[in-house]
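A.B. asks: This is structure34.txt (compact mmCIF, C-alpha atoms).
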# COMPACT_ATOMS: atom_id res chain seq x y z
CA MET E 1 56.25 278.27 103.29
CA THR E 2 58.26 275.49 104.92
CA ASN E 3 58.40 271.89 103.76
CA GLY E 4 56.71 270.92 107.01
CA THR E 5 53.76 273.20 106.25
CA VAL E 6 53.48 271.83 102.70
CA THR E 7 53.56 268.28 104.04
CA THR E 8 50.86 269.03 106.61
CA GLU E 9 48.66 270.69 104.00
CA LEU E 10 49.10 267.76 101.60
CA ASP E 11 48.32 265.24 104.34
CA SER E 12 45.17 267.20 105.18
CA ALA E 13 44.13 267.49 101.52
CA LEU E 14 44.57 263.75 100.95
CA GLU E 15 42.93 262.71 104.23
CA LYS E 16 39.80 264.72 103.40
CA HIS E 17 39.04 262.20 100.65
CA ARG E 18 39.42 259.08 102.82
CA PRO E 19 35.69 258.37 103.51
CA GLU E 20 34.55 258.58 99.88
CA LEU E 21 37.59 256.63 98.67
CA THR E 22 36.86 253.96 101.29
CA GLY E 23 33.29 253.76 100.01
CA TYR E 24 34.53 253.39 96.44
CA CYS E 25 37.09 250.70 97.31
CA TYR E 26 34.55 248.87 99.47
CA ARG E 27 32.08 248.71 96.58
CA MET E 28 34.88 247.48 94.32
CA LEU E 29 36.28 244.86 96.71
CA GLY E 30 33.37 243.78 98.93
CA SER E 31 35.69 243.69 101.94
CA SER E 32 35.87 246.20 104.79
CA PHE E 33 39.50 245.50 105.60
CA GLU E 34 40.72 245.22 102.01
CA ALA E 35 39.00 248.53 101.26
CA GLU E 36 40.82 250.28 104.09
CA ASP E 37 44.11 248.72 102.98
CA ALA E 38 43.45 249.87 99.40
CA VAL E 39 42.76 253.44 100.52
CA GLN E 40 45.88 253.54 102.65
CA ASP E 41 47.90 252.28 99.67
CA THR E 42 46.23 254.93 97.47
CA LEU E 43 47.10 257.78 99.83
CA VAL E 44 50.69 256.58 100.27
CA ARG E 45 51.15 256.35 96.49
CA ALA E 46 49.63 259.82 96.08
CA TRP E 47 51.88 261.31 98.73
CA ARG E 48 55.00 259.74 97.23
CA SER E 49 54.21 260.81 93.66
CA TYR E 50 52.62 264.19 94.35
CA ASP E 51 55.54 266.02 92.73
CA LYS E 52 54.46 264.34 89.44
CA PHE E 53 50.85 265.49 89.78
CA GLU E 54 50.53 268.15 87.09
CA GLY E 55 47.08 269.38 88.03
CA ARG E 56 45.53 268.60 84.64
CA SER E 57 42.72 266.91 86.57
CA SER E 58 41.43 267.63 90.06
CA LEU E 59 43.16 266.05 93.05
CA ARG E 60 39.98 264.04 93.63
CA SER E 61 40.01 262.59 90.09
CA TRP E 62 43.70 261.77 90.42
CA LEU E 63 43.08 259.93 93.69
CA TYR E 64 40.23 257.95 92.13
CA ARG E 65 42.54 256.93 89.27
CA ILE E 66 45.11 255.65 91.75
CA ALA E 67 42.43 253.91 93.86
CA THR E 68 40.96 252.23 90.77
CA ASN E 69 44.36 250.86 89.77
CA VAL E 70 44.97 249.60 93.31
CA CYS E 71 41.58 247.83 93.35
CA LEU E 72 42.00 246.34 89.87
CA ASP E 73 45.39 244.96 90.94
CA MET E 74 43.80 243.42 94.05
CA LEU E 75 41.01 241.88 91.95
CA THR E 76 43.26 240.12 89.45
CA ALA E 77 42.93 236.89 91.48
CA GLY E 78 39.30 236.83 90.36
CA ASN E 79 37.83 236.31 93.82
CA LYS E 80 34.16 237.30 94.02
CA ARG E 81 32.91 237.84 97.54
CA ALA E 82 29.43 236.50 98.13
CA ARG E 83 26.58 235.93 100.56
CA PRO E 84 25.68 232.36 101.57
CA MET E 85 22.60 232.39 99.30
CA ASP E 86 24.85 233.19 96.33
CA LEU E 87 26.74 229.91 96.84
CA THR E 88 24.31 227.22 98.00
CA GLU E 89 20.65 226.35 98.26
CA ALA E 90 18.79 226.99 101.51
CA THR E 91 19.32 224.24 104.08
CA PRO E 92 16.27 222.66 105.77
CA LEU E 93 16.50 222.99 109.54
CA ALA E 94 16.67 219.21 109.97
CA GLN E 95 19.92 219.17 107.94
CA ALA E 96 21.45 222.34 109.41
CA ALA E 97 25.20 222.08 109.98
CA LEU E 98 27.67 224.87 110.68
CA SER E 99 30.42 224.58 108.05
CA PRO E 100 32.75 227.60 107.87
CA ARG E 101 34.42 228.86 104.70
CA PRO E 102 37.54 231.08 104.53
CA ASP E 103 37.19 234.80 105.28
CA HIS E 104 37.91 235.81 101.68
CA THR E 105 34.71 234.00 100.58
CA TRP E 106 32.34 236.47 102.17
CA LEU E 107 30.94 239.87 101.47
CA GLU E 108 31.77 241.84 104.61
CA PRO E 109 29.76 244.42 106.58
CA MET E 110 30.90 248.03 106.87
CA PRO E 111 30.02 250.83 109.32
CA ASP E 112 28.18 253.65 107.57
CA ALA E 113 30.48 256.27 109.07
CA ARG E 114 33.52 254.85 107.27
CA VAL E 115 32.05 254.89 103.77
CA LEU E 116 29.30 257.51 103.57
CA PRO E 117 30.66 261.05 103.19
CA GLN E 118 28.76 263.87 104.86
CA THR E 119 26.46 265.60 102.36
CA ALA E 120 23.66 268.13 102.60
CA ASP E 121 21.95 266.68 99.52
CA PRO E 122 19.29 264.11 100.60
CA ALA E 123 19.16 262.52 97.13
CA GLU E 124 22.93 262.08 97.06
CA ALA E 125 22.89 260.60 100.57
CA ALA E 126 20.12 258.16 99.58
CA VAL E 127 22.06 256.93 96.53
CA ALA E 128 25.19 256.47 98.63
CA LYS E 129 23.30 254.39 101.20
CA GLU E 130 21.52 252.27 98.61
CA SER E 131 24.84 251.52 96.90
CA VAL E 132 26.40 249.91 99.99
CA ARG E 133 23.39 247.74 100.90
CA LEU E 134 24.15 244.05 100.97
CA ALA E 135 21.97 243.03 98.01
CA PHE E 136 23.50 245.68 95.72
CA MET E 137 27.02 244.92 96.96
CA ALA E 138 26.51 241.21 96.23
CA ALA E 139 25.31 242.02 92.72
CA LEU E 140 28.34 244.25 92.11
CA GLN E 141 30.63 241.34 92.97
CA GLN E 142 29.30 239.42 89.95
CA LEU E 143 30.63 242.03 87.52
CA PRO E 144 34.09 241.86 85.93
CA PRO E 145 36.37 244.38 87.69
CA LYS E 146 36.38 247.07 84.99
CA GLN E 147 32.61 246.87 84.52
CA ARG E 148 32.30 247.20 88.28
CA ALA E 149 34.41 250.36 88.23
CA VAL E 150 32.41 251.83 85.35
CA LEU E 151 29.07 251.14 87.00
CA ILE E 152 30.13 252.62 90.35
CA LEU E 153 31.68 255.73 88.79
CA ARG E 154 28.78 256.38 86.42
CA GLU E 155 25.71 255.25 88.42
CA VAL E 156 26.74 255.83 92.03
CA LEU E 157 29.20 258.71 91.83
CA ALA E 158 27.56 260.34 88.77
CA TRP E 159 30.77 260.83 86.78
CA LYS E 160 30.44 261.70 83.08
CA ALA E 161 31.32 259.01 80.56
CA SER E 162 34.20 261.19 79.31
CA GLU E 163 35.60 261.46 82.86
CA VAL E 164 35.43 257.69 83.37
CA ALA E 165 37.06 257.12 79.98
CA GLU E 166 39.93 259.41 80.93
CA LEU E 167 40.35 257.73 84.30
CA LEU E 168 40.44 254.23 82.76
CA GLY E 169 42.48 255.27 79.72
CA THR E 170 39.80 254.11 77.29
CA SER E 171 37.14 255.53 74.95
CA VAL E 172 33.70 256.90 75.76
CA ALA E 173 32.20 254.20 73.52
CA SER E 174 33.99 251.53 75.54
CA VAL E 175 32.71 253.03 78.81
CA ASN E 176 29.13 253.15 77.52
CA SER E 177 29.36 249.55 76.32
CA ALA E 178 30.72 248.38 79.67
CA LEU E 179 27.93 250.23 81.47
CA GLN E 180 25.26 248.57 79.29
CA ARG E 181 26.69 245.12 79.98
CA ALA E 182 26.92 245.84 83.72
CA ARG E 183 23.31 247.04 83.83
CA ALA E 184 22.15 243.92 81.96
CA THR E 185 23.96 241.65 84.44
CA LEU E 186 22.43 243.45 87.41
CA ALA E 187 18.96 243.26 85.83
CA GLU E 188 19.34 239.48 85.41
CA ARG E 189 20.33 239.13 89.06
CA ALA E 190 17.76 241.57 90.41
CA ASP E 191 16.90 240.61 93.97
CA ARG E 192 13.31 241.00 95.04
CA GLY E 193 14.19 244.37 96.59
CA ALA E 194 14.43 243.10 100.13
CA ASP E 195 15.87 246.35 101.43
CA ALA E 196 14.30 248.73 98.93
CA ALA E 197 11.67 249.96 101.36
CA VAL E 198 14.13 251.24 103.99
CA SER E 199 13.66 254.99 104.16
CA ASP E 200 16.30 257.52 105.15
CA PRO E 201 15.84 258.32 107.94
CA LEU E 202 13.67 255.41 109.06
CA ASP E 203 9.98 256.28 109.14
CA GLU E 204 7.80 255.78 112.21
CA GLU E 205 6.54 252.37 111.08
CA GLN E 206 10.08 251.10 110.51
CA GLN E 207 11.23 252.43 113.88
CA LYS E 208 8.36 250.62 115.60
CA LEU E 209 9.22 247.42 113.69
CA LEU E 210 12.79 247.60 115.00
CA GLU E 211 11.59 248.27 118.55
CA ARG E 212 9.35 245.20 118.33
CA TYR E 213 12.27 243.20 116.90
CA VAL E 214 14.58 244.14 119.79
CA ALA E 215 11.88 243.26 122.33
CA ALA E 216 11.19 239.91 120.63
CA PHE E 217 14.86 239.00 120.24
CA GLU E 218 15.97 240.02 123.72
CA GLY E 219 12.92 238.26 125.17
CA TYR E 220 13.57 235.29 122.86
CA ASP E 221 9.86 235.33 122.05
CA MET E 222 9.60 233.22 118.91
CA THR E 223 5.89 233.91 118.45
CA ALA E 224 6.53 237.65 118.43
CA LEU E 225 9.56 237.22 116.17
CA THR E 226 7.60 235.10 113.70
CA ALA E 227 5.05 237.91 113.38
CA LEU E 228 7.85 240.27 112.30
CA LEU E 229 9.42 238.00 109.67
CA HIS E 230 8.36 238.01 106.03
CA GLU E 231 7.26 234.60 104.76
CA ASP E 232 10.34 234.61 102.47
CA ALA E 233 12.75 235.89 105.15
CA VAL E 234 16.31 234.54 105.07
CA MET E 235 18.91 234.19 107.81
CA THR E 236 22.64 233.99 107.09
CA MET E 237 25.62 233.50 109.44
CA PRO E 238 29.00 234.05 107.76
CA PRO E 239 31.58 232.52 108.06
CA PHE E 240 29.18 229.53 107.92
CA ASP E 241 27.71 228.75 104.50
CA LEU E 242 24.42 227.65 106.06
CA TRP E 243 21.41 229.83 105.33
CA LEU E 244 17.81 229.34 106.34
CA ALA E 245 14.59 230.40 104.62
CA GLY E 246 11.21 231.08 106.21
CA PRO E 247 10.16 231.95 109.77
CA ALA E 248 9.68 228.32 110.85
CA ASP E 249 13.26 227.28 110.08
CA ILE E 250 14.74 230.56 111.36
CA THR E 251 12.98 230.41 114.73
CA GLY E 252 13.51 226.65 114.87
CA PHE E 253 17.25 227.18 114.52
CA MET E 254 17.21 229.87 117.21
CA THR E 255 15.60 227.51 119.72
CA THR E 256 17.90 224.55 118.92
CA LEU E 257 21.42 225.19 117.62
CA GLY E 258 21.09 228.86 118.53
CA ALA E 259 19.48 228.38 121.94
CA ALA E 260 22.50 229.85 123.78
CA CYS E 261 21.44 233.27 122.44
CA ALA E 262 18.41 233.40 124.74
CA GLY E 263 18.70 236.38 127.05
CA SER E 264 20.93 238.35 124.66
CA ARG E 265 21.30 242.13 124.41
CA LEU E 266 21.23 244.23 121.23
CA LEU E 267 22.89 247.63 120.72
CA PRO E 268 21.94 249.65 117.61
CA VAL E 269 24.69 250.37 115.06
CA GLN E 270 24.69 251.63 111.46
CA ALA E 271 25.95 249.27 108.77
CA ASN E 272 25.59 249.13 104.98
CA GLY E 273 22.91 251.81 104.96
CA LEU E 274 20.61 249.41 106.84
CA PRO E 275 19.31 248.91 110.38
CA ALA E 276 21.86 246.89 112.34
CA PHE E 277 22.65 245.71 115.86
CA ALA E 278 25.62 244.52 117.87
CA HIS E 279 24.52 241.24 119.41
CA TYR E 280 25.90 240.24 122.82
CA LYS E 281 24.93 236.87 124.28
CA PRO E 282 25.06 235.82 127.94
CA ASP E 283 28.49 234.72 129.19
CA PRO E 284 27.77 231.93 131.72
CA GLU E 285 31.42 231.71 132.83
CA ALA E 286 32.44 235.35 133.30
CA GLY E 287 28.99 236.85 133.73
CA GLY E 288 27.66 239.75 131.74
CA PHE E 289 27.49 239.50 127.96
CA ALA E 290 30.07 238.50 125.33
CA PRO E 291 30.09 239.72 121.70
CA TRP E 292 28.44 237.29 119.31
CA ALA E 293 27.51 238.97 116.01
CA VAL E 294 26.84 242.11 114.04
CA GLN E 295 23.29 241.73 112.76
CA VAL E 296 22.28 243.56 109.58
CA LEU E 297 18.54 243.62 108.82
CA GLU E 298 16.71 244.04 105.53
CA ILE E 299 13.13 245.33 105.65
CA SER E 300 10.34 245.40 103.10
CA ASP E 301 6.57 245.93 103.36
CA GLY E 302 6.65 246.26 107.14
CA ARG E 303 8.44 242.95 107.70
CA ILE E 304 12.02 241.73 108.12
CA THR E 305 13.15 240.00 104.93
CA GLY E 306 16.84 239.52 105.70
CA PHE E 307 18.54 238.70 108.99
CA HIS E 308 22.29 238.59 108.43
CA CYS E 309 24.57 237.71 111.34
CA PHE E 310 28.29 238.32 110.89
CA LEU E 311 29.90 236.21 113.59
CA ASP E 312 33.64 237.03 113.47
CA THR E 313 33.40 239.43 116.39
CA LYS E 314 37.17 239.77 116.86
CA ARG E 315 37.18 241.55 113.51
CA TRP E 316 33.79 243.28 113.44
CA PHE E 317 33.42 244.73 116.93
CA PRO E 318 36.67 246.78 116.81
CA LEU E 319 35.74 247.94 113.28
CA PHE E 320 32.44 249.26 114.64
CA ASP E 321 34.14 250.71 117.78
CA LEU E 322 32.07 248.39 119.98
CA PRO E 323 32.98 247.21 123.50
CA LEU E 324 34.17 243.62 123.73
CA ARG E 325 31.80 242.83 126.59
CA LEU E 326 28.77 244.24 128.38
CA GLU E 327 28.36 244.01 132.13
CA ALA E 328 25.12 242.68 133.57
CA GLU E 329 22.80 245.32 134.97
CA ALA E 330 22.14 245.34 138.72
CA ASP E 331 18.66 243.81 138.44
CA GLU E 332 20.06 240.95 136.35
CA VAL E 333 22.74 240.12 138.93
CA GLN E 334 20.31 239.78 141.83
Please express what this file holds, its structure, as structure tokens.
C.D. replies:
Amino acid sequence: MTNGTVTTELDSALEKHRPELTGYCYRMLGSSFEAEDAVQDTLVRAWRSYDKFEGRSSLRSWLYRIATNVCLDMLTAGNKRARPMDLTEATPLAQAALSPRPDHTWLEPMPDARVLPQTADPAEAAVAKESVRLAFMAALQQLPPKQRAVLILREVLAWKASEVAELLGTSVASVNSALQRARATLAERADRGADAAVSDPLDEEQQKLLERYVAAFEGYDMTALTALLHEDAVMTMPPFDLWLAGPADITGFMTTLGAACAGSRLLPVQANGLPAFAHYKPDPEAGGFAPWAVQVLEISDGRITGFHCFLDTKRWFPLFDLPLRLEAEADEVQ
């Protein structure tokens, strides 16, 4: 067997683990781009040190050990990514102002295809989706890095305590203690379960809700949109720290500061295990539609409870493999 064949086989063996490693690093870091950087670093380190891999653990376990070390190194700065509601109180519409914060402040969206490995097990797929939803991801960011790793490995990836202890170079008792503390922190922060009712795949009622949402948003029909929003619905717009609560303030914002979005188009995408859309708004100068946001929706009890608009389209649209403009249809040009 030639060196070239060995290299190709190793590249293939390592690459096979990229989606699940990306999911792991994304949960650890809360950033789409940092997660992909961390995985690339992990695979490069593995490739360079493969001659030292003695096979006492599986290749997968070895890669997770490397990925964990990479993530822990990246987290030493102590930055905790967040959603706007984790940082400030809701802003009344009358005081709404768009104040951006740096990119590293925010929990970032992620396409499902990059972090959810293919699996034939529906229960495993459901756990994977639930563990990248925005509310759970935000809660993870509140944990110290090693507790975060323990919780993800034990609760999401279903590793044994002994396997996690070996990976982290610690004792089973220490792993169990870290898991208890992590669970307690998450219980204290428990969100109201805004996205807990999203089924996989979406049931007929949820599909109809999304169809009504698209019709209401594209028609900019605030009465119809109000009927779809939960009374406690929230709207966020990273990189701005502003967030709004309740249908009146959300629709009020959309008809004032957000009025330029009237006549927009929505394309369905898959993000964070939740219903999502690429939002294009009319481009009055060039015609057609320009990218404006990736919207991620949370649903509960037949209503929309979270409406999260990630506005940095120069970053998000290429990540989601989305076109950077839509042309107007013939009937719109006439």
A.B. asks: Could you name the residues that touch Ala138 in chain E at 12 Å or less, counting only C-alpha atoms, but leaving out those on the same chain fewer than 2 positions away, as a ChimeraX atom specification?
C.D. replies: /E:26-31,80-87,105-109,131-136,140-143,148,186,189-191,272
A.B. asks: Would you kindly return, as a PyMOL selection string, each protein, DNA or RNA residue with an atom no farther than 12 Å from any atom of Ile152 in chain E, considering all atoms listed in the file and excluding same-chain residues fewer than 4 positions away?
C.D. replies: chain E and resi 21+23-29+64+68+127-128+130-132+136-137+139-141+143+145-148+156-161+164+175+178-179+182-183
A.B. asks: Pick out the residues sitting within 8 Å of Leu267 in chain E, and hand them over as a list of chain:residue names; count all atoms listed in the file, and ignore anything fewer than 5 positions along from it in its own chain.
C.D. replies: E:Phe277, E:Ala278, E:His279
A.B. asks: Could you pull the residues within 7 Å of Ala90 in chain E, counting only C-alpha atoms, minus those fewer than 2 positions along the same chain, as a list of chain:residue names?
C.D. replies: E:Met85, E:Thr88, E:Pro92, E:Trp243, E:Leu244, E:Ala245
A.B. asks: Given the choices E:Ala77, E:Leu14, E:Cys71, E:Ala262, which gets closest to Tyr50 in chain E if the distance is worked out from all atoms listed in the file?
C.D. replies: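 Distance minimum relative to Tyr50 in chain E lands on E:Leu14.
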A.B. asks: Calculated over all atoms listed in the file, which of the candidates E:Tyr213, E:Trp316, E:Phe33, E:Trp292 has the smallest distance to Leu225 in chain E?
C.D. replies: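 Ranking E:Tyr213, E:Trp316, E:Phe33, E:Trp292 by distance to Leu225 in chain E, first place goes to E:Tyr213.
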A.B. asks: Point out the residue among E:Pro201, E:Lys52, E:Arg181, E:Leu209 with the least atom-to-atom distance to Ala227 in chain E, counting only C-alpha atoms.
C.D. replies: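 The shortest atom-to-atom distance to Ala227 in chain E comes from E:Leu209.
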A.B. asks: Using only C-alpha atoms, pick whichever of E:Ala248, E:Ala38, E:Leu43, E:Ala224 has the shortest atom-to-atom distance to Leu10 in chain E.
C.D. replies: E:Leu43
A.B. asks: Which distance in Å separates CA of Ala125 in chain E and CA of Pro275 in chain E, to one decimal?
C.D. replies: 15.7 Å
A.B. asks: Skip range 98-104 of chain E itself and residues of its chain fewer than 3 positions away, then list as a PDB file with C-alpha atoms, in the coordinates of the input all residues within 8 Å of it, counting all atoms listed in the file.
C.D. replies:
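Just written: selection_1.pdb:
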ATOM      1  CA  ASN E  79      37.830 236.310  93.820  1.00  0.00           C
ATOM      2  CA  ARG E  81      32.910 237.840  97.540  1.00  0.00           C
ATOM      3  CA  PRO E 238      29.000 234.050 107.760  1.00  0.00           C
ATOM      4  CA  PRO E 239      31.580 232.520 108.060  1.00  0.00           C
ATOM      5  CA  PHE E 240      29.180 229.530 107.920  1.00  0.00           C
ATOM      6  CA  ASP E 241      27.710 228.750 104.500  1.00  0.00           C
ATOM      7  CA  LEU E 242      24.420 227.650 106.060  1.00  0.00           C
TER       8      LEU E 242
END
A.B. asks: Work out how far CA of Leu266 in chain E is from CA of Glu218 in chain E, in Å to one decimal.
C.D. replies: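 Computing the Euclidean distance for CA of Glu218 in chain E and CA of Leu266 in chain E yields 7.2 Å.
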A.B. asks: Pick from E:Leu319, E:Leu210, E:Pro111, E:His17: nearest to Gly273 in chain E, with all atoms listed in the file counted?
C.D. replies: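 Nearest to Gly273 in chain E: E:Pro111.
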A.B. asks: Tell me, in Å to one decimal, how far CA of Gly288 in chain E is from CA of Glu329 in chain E.
C.D. replies: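 Between these atoms lies a distance of 8.1 Å.
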A.B. asks: Counting all atoms listed in the file, note down every residue that has an atom within 12 Å of the point (41.6, 264.7, 103.1) (file coordinates), as a PyMOL selection string.
C.D. replies: chain E and resi 8-22+39-40+43+46-47+59-60+63+117
A.B. asks: Kindly indicate which residue among E:Leu324, E:Pro247, E:Ala187, E:Glu205 lies nearest to Thr223 in chain E, using all atoms listed in the file for the distances.
C.D. replies: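 Closest to Thr223 in chain E, using all atoms listed in the file: E:Pro247.
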